[in-house]
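One structure is given below, encoded as structure tokens.
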Amino acid sequence: MCLVVLAFGANEDNPLVVAANRDEFHARPTQNADWWSDAPNIIGGRDLQAGGTWLGVHRDGRVATVTNYRDAQQKHAKLRSRGHLVTEFLQGGQSPVDYLQTIRSDDYAGFNLLAADNQSLAYLSNRGGGLQELPAGIYGLSNATLDTPWTKVERSKERLASLFAQGRVNETHLLRLLSDREKGPVEEVKSDRLPFTTAHAITAPFIVTAEYGTRCSTIVRAERGGTWHFHERRFDASGNNVGESKFSFKARADTN
């Protein structure tokens with residue numbers, strides 16, 4: 001399970017805010033967030049097993065993030081890694097909608113993809129809903145379609161809206177939002193494929209189990225005037241902070 005809460009055009013001082021937890025098996029090899037040596041205008045972590053990334057930012061102000069869709073459909077070897085959906089948007093020059101229109105959805109296992117630039121935000125899932133260009137607002141995404149009203153999604157959206165209302169949109173408060181370990185109600189537990197204890201654990205915004213859990217929390221925040229902030233905080237299997245990476249940069253439109 002993963003969690004993304006995103007505010008687009010909801011506030012003049014912070015026109016784009018993304019707060020995301022990446023949940024993954026602790027054994028899966030991952031590269032910490034940094035500027036990429038082979039694509040120096042892109043910043044993000046990298047999946048060293050299948051390639052791509054779950055969340056990345058281009059220096060020109062384009063952002064994308066992907067989550068898996070939790071379903072019972074079997075994967076097969078010919079499917080492409082969903083992490084490439086993010087990478088290919090960031091490496092190209094298309095608008096969010098134009099890029100999403102090029103995706104061959106059947107080439108991937110279930111996914112949810114959000115892509116944004118300075119003018120627009122768009123969403124695509126291959127598990128329902130089709131391509132949507134989204135108006136300004138606050139959105140929540142986990143491992144079902146956009147704004148599915150799971151408790152973790154709804155609570156996180158409400159807390160982000162509250163931070164905007166209080167004028168407290170900064171990395172400290174956004175990371176605190178993502179650190180919420182309160183589980184969802186028992187009614188949300190799907191224990192058809194998992195033991196009940198594990199299935200209940202993954203209903204929390206921040207997941208802690210021995211083999212699988214929140215590997216990192218990432219904040220992306222754009223300020224009015226074009227300054228961007230990228231903050232990644234990493235965790236071990238016990239949910240302890242084991243490292244952070246912080247970057248700030250000025251968006252440039254003349255990058256490739």
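We label chains A, B, ... in the order they appear in the structure tokens, count residues from 1 in each chain, and number ligands from 1 in the order shown.
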*Mind listing the helix (DSSP H, G or I) residues of stretch 35-215 of chain A, per DSSP on the backbone, as number ranges by chain?*
A: 83-91, 96-102, 105-107, 151-166, 171-178, 186-188, 196-201
Those residues you just picked out, can you put them in a file as a PDB file, in the first residue's frame with C-alpha atoms?
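So result-v6.pdb came out as:
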ATOM      1  CA  GLY A  83       7.984   2.883 -12.312  1.00  0.00           C
ATOM      2  CA  HIS A  84       8.726   3.640 -15.960  1.00  0.00           C
ATOM      3  CA  LEU A  85       5.431   5.537 -16.204  1.00  0.00           C
ATOM      4  CA  VAL A  86       6.909   8.254 -14.003  1.00  0.00           C
ATOM      5  CA  THR A  87      10.356   8.191 -15.580  1.00  0.00           C
ATOM      6  CA  GLU A  88       9.091   8.529 -19.141  1.00  0.00           C
ATOM      7  CA  PHE A  89       6.914  11.523 -18.292  1.00  0.00           C
ATOM      8  CA  LEU A  90       9.807  13.292 -16.603  1.00  0.00           C
ATOM      9  CA  GLN A  91      12.210  12.540 -19.439  1.00  0.00           C
ATOM     10  CA  PRO A  96       0.335  15.688 -18.509  1.00  0.00           C
ATOM     11  CA  VAL A  97      -2.753  14.970 -20.616  1.00  0.00           C
ATOM     12  CA  ASP A  98      -0.783  14.488 -23.823  1.00  0.00           C
ATOM     13  CA  TYR A  99       1.571  12.054 -22.104  1.00  0.00           C
ATOM     14  CA  LEU A 100      -1.193  10.049 -20.439  1.00  0.00           C
ATOM     15  CA  GLN A 101      -2.914   9.656 -23.807  1.00  0.00           C
ATOM     16  CA  THR A 102       0.154   7.803 -25.144  1.00  0.00           C
ATOM     17  CA  SER A 105      -2.453   0.627 -20.224  1.00  0.00           C
ATOM     18  CA  ASP A 106      -2.463  -3.108 -20.937  1.00  0.00           C
ATOM     19  CA  ASP A 107       1.347  -3.118 -20.817  1.00  0.00           C
ATOM     20  CA  THR A 151     -10.063   6.173   6.118  1.00  0.00           C
ATOM     21  CA  LYS A 152      -6.324   6.736   5.591  1.00  0.00           C
ATOM     22  CA  VAL A 153      -7.010   8.732   2.429  1.00  0.00           C
ATOM     23  CA  GLU A 154      -9.843  10.819   3.846  1.00  0.00           C
ATOM     24  CA  ARG A 155      -8.041  11.591   7.106  1.00  0.00           C
ATOM     25  CA  SER A 156      -4.865  12.613   5.295  1.00  0.00           C
ATOM     26  CA  LYS A 157      -6.759  14.896   2.901  1.00  0.00           C
ATOM     27  CA  GLU A 158      -8.541  16.541   5.820  1.00  0.00           C
ATOM     28  CA  ARG A 159      -5.245  17.129   7.609  1.00  0.00           C
ATOM     29  CA  LEU A 160      -3.673  18.652   4.511  1.00  0.00           C
ATOM     30  CA  ALA A 161      -6.661  20.967   4.092  1.00  0.00           C
ATOM     31  CA  SER A 162      -6.305  21.954   7.750  1.00  0.00           C
ATOM     32  CA  LEU A 163      -2.616  22.808   7.280  1.00  0.00           C
ATOM     33  CA  PHE A 164      -3.527  25.133   4.419  1.00  0.00           C
ATOM     34  CA  ALA A 165      -6.254  26.749   6.520  1.00  0.00           C
ATOM     35  CA  GLN A 166      -3.804  27.316   9.386  1.00  0.00           C
ATOM     36  CA  GLU A 171       8.030  20.101   5.670  1.00  0.00           C
ATOM     37  CA  THR A 172       7.751  19.603   9.442  1.00  0.00           C
ATOM     38  CA  HIS A 173       3.966  19.509   9.469  1.00  0.00           C
ATOM     39  CA  LEU A 174       3.679  17.576   6.211  1.00  0.00           C
ATOM     40  CA  LEU A 175       6.004  14.849   7.471  1.00  0.00           C
ATOM     41  CA  ARG A 176       3.986  14.726  10.675  1.00  0.00           C
ATOM     42  CA  LEU A 177       0.863  14.191   8.570  1.00  0.00           C
ATOM     43  CA  LEU A 178       2.537  11.229   6.864  1.00  0.00           C
ATOM     44  CA  VAL A 186     -11.847  -3.317  10.983  1.00  0.00           C
ATOM     45  CA  GLU A 187     -14.513  -2.998   8.275  1.00  0.00           C
ATOM     46  CA  GLU A 188     -11.807  -1.880   5.811  1.00  0.00           C
ATOM     47  CA  PHE A 196      -5.648 -10.302   9.569  1.00  0.00           C
ATOM     48  CA  THR A 197      -2.900  -8.574  11.593  1.00  0.00           C
ATOM     49  CA  THR A 198      -0.978  -7.650   8.450  1.00  0.00           C
ATOM     50  CA  ALA A 199      -4.107  -6.661   6.542  1.00  0.00           C
ATOM     51  CA  HIS A 200      -5.128  -4.379   9.410  1.00  0.00           C
ATOM     52  CA  ALA A 201      -1.628  -2.856   9.659  1.00  0.00           C
TER      53      ALA A 201
END
*Write down as a ChimeraX atom specification the residues of stretch 2-218 of chain A whose backbone DSSP state falls under strand (DSSP E).*
/A:3-8,16-25,30-35,42-47,55-58,63-68,111-116,121-125,132-134,137-141,212-218
Put those residues in a file: C-alpha atoms, as a PDB file, in the first residue's frame.
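The result, written out as again24.pdb:
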ATOM      1  CA  LEU A   3      -0.363   6.964   0.114  1.00  0.00           C
ATOM      2  CA  VAL A   4      -0.282  10.243  -1.803  1.00  0.00           C
ATOM      3  CA  VAL A   5      -2.035  13.467  -0.830  1.00  0.00           C
ATOM      4  CA  LEU A   6      -1.656  16.289  -3.307  1.00  0.00           C
ATOM      5  CA  ALA A   7      -2.779  19.908  -3.459  1.00  0.00           C
ATOM      6  CA  PHE A   8      -2.801  21.561  -6.874  1.00  0.00           C
ATOM      7  CA  LEU A  16       1.750  22.394  -5.718  1.00  0.00           C
ATOM      8  CA  VAL A  17       2.258  20.213  -2.653  1.00  0.00           C
ATOM      9  CA  VAL A  18       2.775  16.457  -2.688  1.00  0.00           C
ATOM     10  CA  ALA A  19       3.089  14.380   0.479  1.00  0.00           C
ATOM     11  CA  ALA A  20       3.646  10.671  -0.145  1.00  0.00           C
ATOM     12  CA  ASN A  21       4.524   7.471   1.682  1.00  0.00           C
ATOM     13  CA  ARG A  22       6.178   4.718  -0.311  1.00  0.00           C
ATOM     14  CA  ASP A  23       5.257   1.319   1.134  1.00  0.00           C
ATOM     15  CA  GLU A  24       7.348  -1.603  -0.051  1.00  0.00           C
ATOM     16  CA  PHE A  25       9.093  -4.784   1.054  1.00  0.00           C
ATOM     17  CA  THR A  30      16.319   1.141  -3.534  1.00  0.00           C
ATOM     18  CA  GLN A  31      18.491   4.167  -4.260  1.00  0.00           C
ATOM     19  CA  ASN A  32      18.047   7.193  -2.019  1.00  0.00           C
ATOM     20  CA  ALA A  33      16.607  10.358  -3.532  1.00  0.00           C
ATOM     21  CA  ASP A  34      19.118  12.477  -5.422  1.00  0.00           C
ATOM     22  CA  TRP A  35      19.684  14.145  -8.776  1.00  0.00           C
ATOM     23  CA  ILE A  42      15.432  14.767 -12.509  1.00  0.00           C
ATOM     24  CA  ILE A  43      15.344  14.220  -8.768  1.00  0.00           C
ATOM     25  CA  GLY A  44      13.880  11.252  -6.944  1.00  0.00           C
ATOM     26  CA  GLY A  45      14.574   7.844  -5.502  1.00  0.00           C
ATOM     27  CA  ARG A  46      15.031   4.832  -7.766  1.00  0.00           C
ATOM     28  CA  ASP A  47      13.822   1.260  -7.708  1.00  0.00           C
ATOM     29  CA  LEU A  55       7.873   9.714  -7.463  1.00  0.00           C
ATOM     30  CA  GLY A  56      10.076  12.198  -9.247  1.00  0.00           C
ATOM     31  CA  VAL A  57      10.433  15.875 -10.141  1.00  0.00           C
ATOM     32  CA  HIS A  58      11.986  17.543 -13.179  1.00  0.00           C
ATOM     33  CA  VAL A  63       6.061  16.026 -11.238  1.00  0.00           C
ATOM     34  CA  ALA A  64       4.720  12.494 -11.413  1.00  0.00           C
ATOM     35  CA  THR A  65       3.920   9.725  -8.957  1.00  0.00           C
ATOM     36  CA  VAL A  66       2.513   6.221  -9.333  1.00  0.00           C
ATOM     37  CA  THR A  67       0.864   3.740  -6.991  1.00  0.00           C
ATOM     38  CA  ASN A  68      -0.014   0.111  -7.557  1.00  0.00           C
ATOM     39  CA  PHE A 111      -1.656   1.371 -11.610  1.00  0.00           C
ATOM     40  CA  ASN A 112      -2.687   4.896 -10.649  1.00  0.00           C
ATOM     41  CA  LEU A 113      -0.648   7.717 -12.167  1.00  0.00           C
ATOM     42  CA  LEU A 114      -0.704  11.417 -11.327  1.00  0.00           C
ATOM     43  CA  ALA A 115       1.258  13.836 -13.525  1.00  0.00           C
ATOM     44  CA  ALA A 116       1.486  17.616 -13.203  1.00  0.00           C
ATOM     45  CA  LEU A 121      -2.745  18.035 -13.306  1.00  0.00           C
ATOM     46  CA  ALA A 122      -3.953  14.765 -14.818  1.00  0.00           C
ATOM     47  CA  TYR A 123      -4.752  11.264 -13.586  1.00  0.00           C
ATOM     48  CA  LEU A 124      -4.911   7.865 -15.237  1.00  0.00           C
ATOM     49  CA  SER A 125      -5.680   4.391 -13.918  1.00  0.00           C
ATOM     50  CA  GLN A 132      -9.000  12.816 -16.148  1.00  0.00           C
ATOM     51  CA  GLU A 133      -7.652  16.365 -16.232  1.00  0.00           C
ATOM     52  CA  LEU A 134      -8.198  17.545 -12.673  1.00  0.00           C
ATOM     53  CA  GLY A 137      -8.075  21.011  -5.336  1.00  0.00           C
ATOM     54  CA  ILE A 138      -6.823  18.489  -2.803  1.00  0.00           C
ATOM     55  CA  TYR A 139      -6.649  14.830  -3.829  1.00  0.00           C
ATOM     56  CA  GLY A 140      -5.864  11.546  -2.146  1.00  0.00           C
ATOM     57  CA  LEU A 141      -4.573   8.320  -3.607  1.00  0.00           C
ATOM     58  CA  TYR A 212       6.754  -4.706   4.522  1.00  0.00           C
ATOM     59  CA  GLY A 213       6.074  -1.132   5.449  1.00  0.00           C
ATOM     60  CA  THR A 214       6.669   2.557   4.852  1.00  0.00           C
ATOM     61  CA  ARG A 215      10.159   2.792   3.415  1.00  0.00           C
ATOM     62  CA  CYS A 216      10.187   6.563   2.949  1.00  0.00           C
ATOM     63  CA  SER A 217       8.089   9.707   3.240  1.00  0.00           C
ATOM     64  CA  THR A 218       8.567  12.352   0.553  1.00  0.00           C
TER      65      THR A 218
END
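The shortest atom-to-atom distance to A:Phe206, with only C-alpha atoms taken into account, belongs to A:Arg234 out of A:Arg59, A:Arg193, A:Arg224, A:Arg234.
Remark: for A:Thr209, the closest of the candidate residues A:His231, A:Arg181, A:Gln119, A:Lys190 is A:Arg181 (distances computed over only C-alpha atoms).
In this comparison, which uses only C-alpha atoms, the residue of A:Gly225, A:Gly128, A:Pro15, A:Gly239 approaching A:Arg252 most closely is A:Gly225.
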